[in-house]
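Novice: Input entry16.cif, format and content: mmCIF, C-alpha atoms.
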data_input
loop_
_atom_site.label_atom_id
_atom_site.label_comp_id
_atom_site.auth_asym_id
_atom_site.auth_seq_id
_atom_site.Cartn_x
_atom_site.Cartn_y
_atom_site.Cartn_z
CA MET O 1 -36.31 -2.64 71.37
CA ASP O 2 -33.01 -1.01 70.68
CA SER O 3 -32.02 0.45 67.32
CA THR O 4 -30.02 -2.65 66.30
CA GLU O 5 -33.02 -4.91 66.81
CA LEU O 6 -35.27 -2.46 64.97
CA GLN O 7 -32.83 -2.33 62.07
CA THR O 8 -32.70 -6.13 61.89
CA TRP O 9 -36.49 -6.35 61.92
CA LEU O 10 -36.69 -3.63 59.28
CA ASP O 11 -34.26 -5.54 57.06
CA GLU O 12 -36.33 -8.71 57.43
CA LEU O 13 -39.51 -6.84 56.49
CA ARG O 14 -37.82 -5.36 53.43
CA VAL O 15 -36.73 -8.83 52.28
CA GLU O 16 -40.25 -10.20 52.74
CA HIS O 17 -41.66 -7.18 50.85
CA ARG O 18 -39.28 -7.82 47.92
CA ASP O 19 -40.08 -11.53 47.94
CA LEU O 20 -43.80 -10.80 47.79
CA ASP O 21 -43.20 -8.45 44.90
CA VAL O 22 -41.50 -11.25 42.95
CA VAL O 23 -44.22 -13.76 43.78
CA ILE O 24 -47.01 -11.37 42.78
CA LYS O 25 -45.25 -10.49 39.55
CA ASN O 26 -44.78 -14.18 38.66
CA LEU O 27 -48.39 -15.01 39.42
CA ILE O 28 -49.64 -12.15 37.27
CA GLU O 29 -47.29 -12.98 34.38
CA SER O 30 -48.31 -16.64 34.47
CA ARG O 31 -51.95 -15.56 34.35
CA HIS O 32 -52.65 -17.41 37.55
CA HIS O 33 -56.35 -18.12 37.95
CA ASP O 34 -56.54 -17.50 41.72
CA THR O 35 -57.12 -13.75 41.83
CA MET O 36 -58.07 -13.90 45.52
CA ARG O 37 -54.60 -15.22 46.33
CA ILE O 38 -53.00 -12.38 44.38
CA GLN O 39 -55.18 -9.83 46.20
CA ARG O 40 -54.24 -11.30 49.60
CA LEU O 41 -50.56 -11.13 48.71
CA LYS O 42 -50.96 -7.52 47.57
CA ARG O 43 -52.69 -6.63 50.86
CA ARG O 44 -49.90 -8.31 52.81
CA LYS O 45 -47.36 -6.36 50.78
CA LEU O 46 -49.15 -3.08 51.59
CA LYS O 47 -49.22 -3.93 55.31
CA LEU O 48 -45.50 -4.65 55.18
CA ARG O 49 -44.91 -1.29 53.47
CA ASP O 50 -46.85 0.46 56.25
CA MET O 51 -44.83 -1.35 58.91
CA ILE O 52 -41.58 -0.49 57.14
CA ASP O 53 -42.54 3.19 56.91
CA LYS O 54 -43.52 3.26 60.59
CA LEU O 55 -40.25 1.65 61.68
CA GLU O 56 -38.19 3.93 59.44
CA SER O 57 -39.84 7.00 60.92
CA GLY O 58 -39.10 5.64 64.40
CA LEU O 59 -35.41 5.31 63.58
CA ILE O 60 -35.12 8.92 62.49
CA PRO O 61 -34.21 11.04 65.53
CA ASP O 62 -36.57 13.88 66.40
CA LEU O 63 -35.04 17.27 65.78
CA ASP O 64 -36.32 20.31 67.59
CA ALA O 65 -36.69 23.25 65.26
#
Rewrite the structure from the file as structure tokens, please.
Specialist:
Amino acid sequence: MDSTELQTWLDELRVEHRDLDVVIKNLIESRHHDTMRIQRLKRRKLKLRDMIDKLESGLIPDLDA
């Protein structure tokens, strides 16, 4: 993958992460009864965060000290 493709994928992951944040917030505020669903969404959000962090670190060029 080149850096343009990585950046596009990273942008898509960020959008999905933000969307999950909104969904989770709405479910919690509405006192949704399905706590398992909320937990699954939170886990998915954490996995996305890990993927985003990994991709971001891959986009940063290595600098020799």
Novice: Using all atoms listed in the file, what residues lie at most 7 Å away from (-53.1, -10.5, 40.6) (file coordinates), given as a VMD selection string?
Specialist: chain O and resid 24 27 to 28 35 38 to 39
Novice: Take the residues just selected and output them with C-alpha atoms as a compact mmCIF listing (two decimals), keeping the file's coordinate frame.
Specialist:
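Final output, saved to selection.txt:
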# COMPACT_ATOMS: atom_id res chain seq x y z
CA ILE O 24 -47.01 -11.37 42.78
CA LEU O 27 -48.39 -15.01 39.42
CA ILE O 28 -49.64 -12.15 37.27
CA THR O 35 -57.12 -13.75 41.83
CA ILE O 38 -53.00 -12.38 44.38
CA GLN O 39 -55.18 -9.83 46.20
Novice: List the residues matched by the PyMOL selection byres ((chain O and resi 59) around 12) in the displayed structure as a compact mmCIF listing (two decimals) with C-alpha atoms, in the frame of the given file, ordered by chain and then by residue number.
Specialist:
# COMPACT_ATOMS: atom_id res chain seq x y z
CA MET O 1 -36.31 -2.64 71.37
CA ASP O 2 -33.01 -1.01 70.68
CA SER O 3 -32.02 0.45 67.32
CA THR O 4 -30.02 -2.65 66.30
CA GLU O 5 -33.02 -4.91 66.81
CA LEU O 6 -35.27 -2.46 64.97
CA GLN O 7 -32.83 -2.33 62.07
CA THR O 8 -32.70 -6.13 61.89
CA TRP O 9 -36.49 -6.35 61.92
CA LEU O 10 -36.69 -3.63 59.28
CA ILE O 52 -41.58 -0.49 57.14
CA ASP O 53 -42.54 3.19 56.91
CA LYS O 54 -43.52 3.26 60.59
CA LEU O 55 -40.25 1.65 61.68
CA GLU O 56 -38.19 3.93 59.44
CA SER O 57 -39.84 7.00 60.92
CA GLY O 58 -39.10 5.64 64.40
CA ILE O 60 -35.12 8.92 62.49
CA PRO O 61 -34.21 11.04 65.53
CA ASP O 62 -36.57 13.88 66.40
Novice: I'd like the interatomic distance between CA of Asp21 (chain O) and CA of Lys42 (chain O), to a tenth of an Å.
Specialist: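 It comes out at 8.3 Å.
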Novice: Neighbours of Lys25 (chain O) within 12 Å (all atoms listed in the file; same-chain residues fewer than 5 positions away dropped), as an MDAnalysis selection string?
Specialist: chainID O and resid 18:20 30:32 38:39 41:42
Novice: Interatomic distance between CA of Arg40 (chain O) and CA of Leu13 (chain O)?
Specialist: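 Between these atoms lies a distance of 16.9 Å.
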Novice: Please compute the CA of Leu48 (chain O)-CA of His17 (chain O) distance, one decimal, in Å.
Specialist: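 Those two atoms sit 6.3 Å apart.
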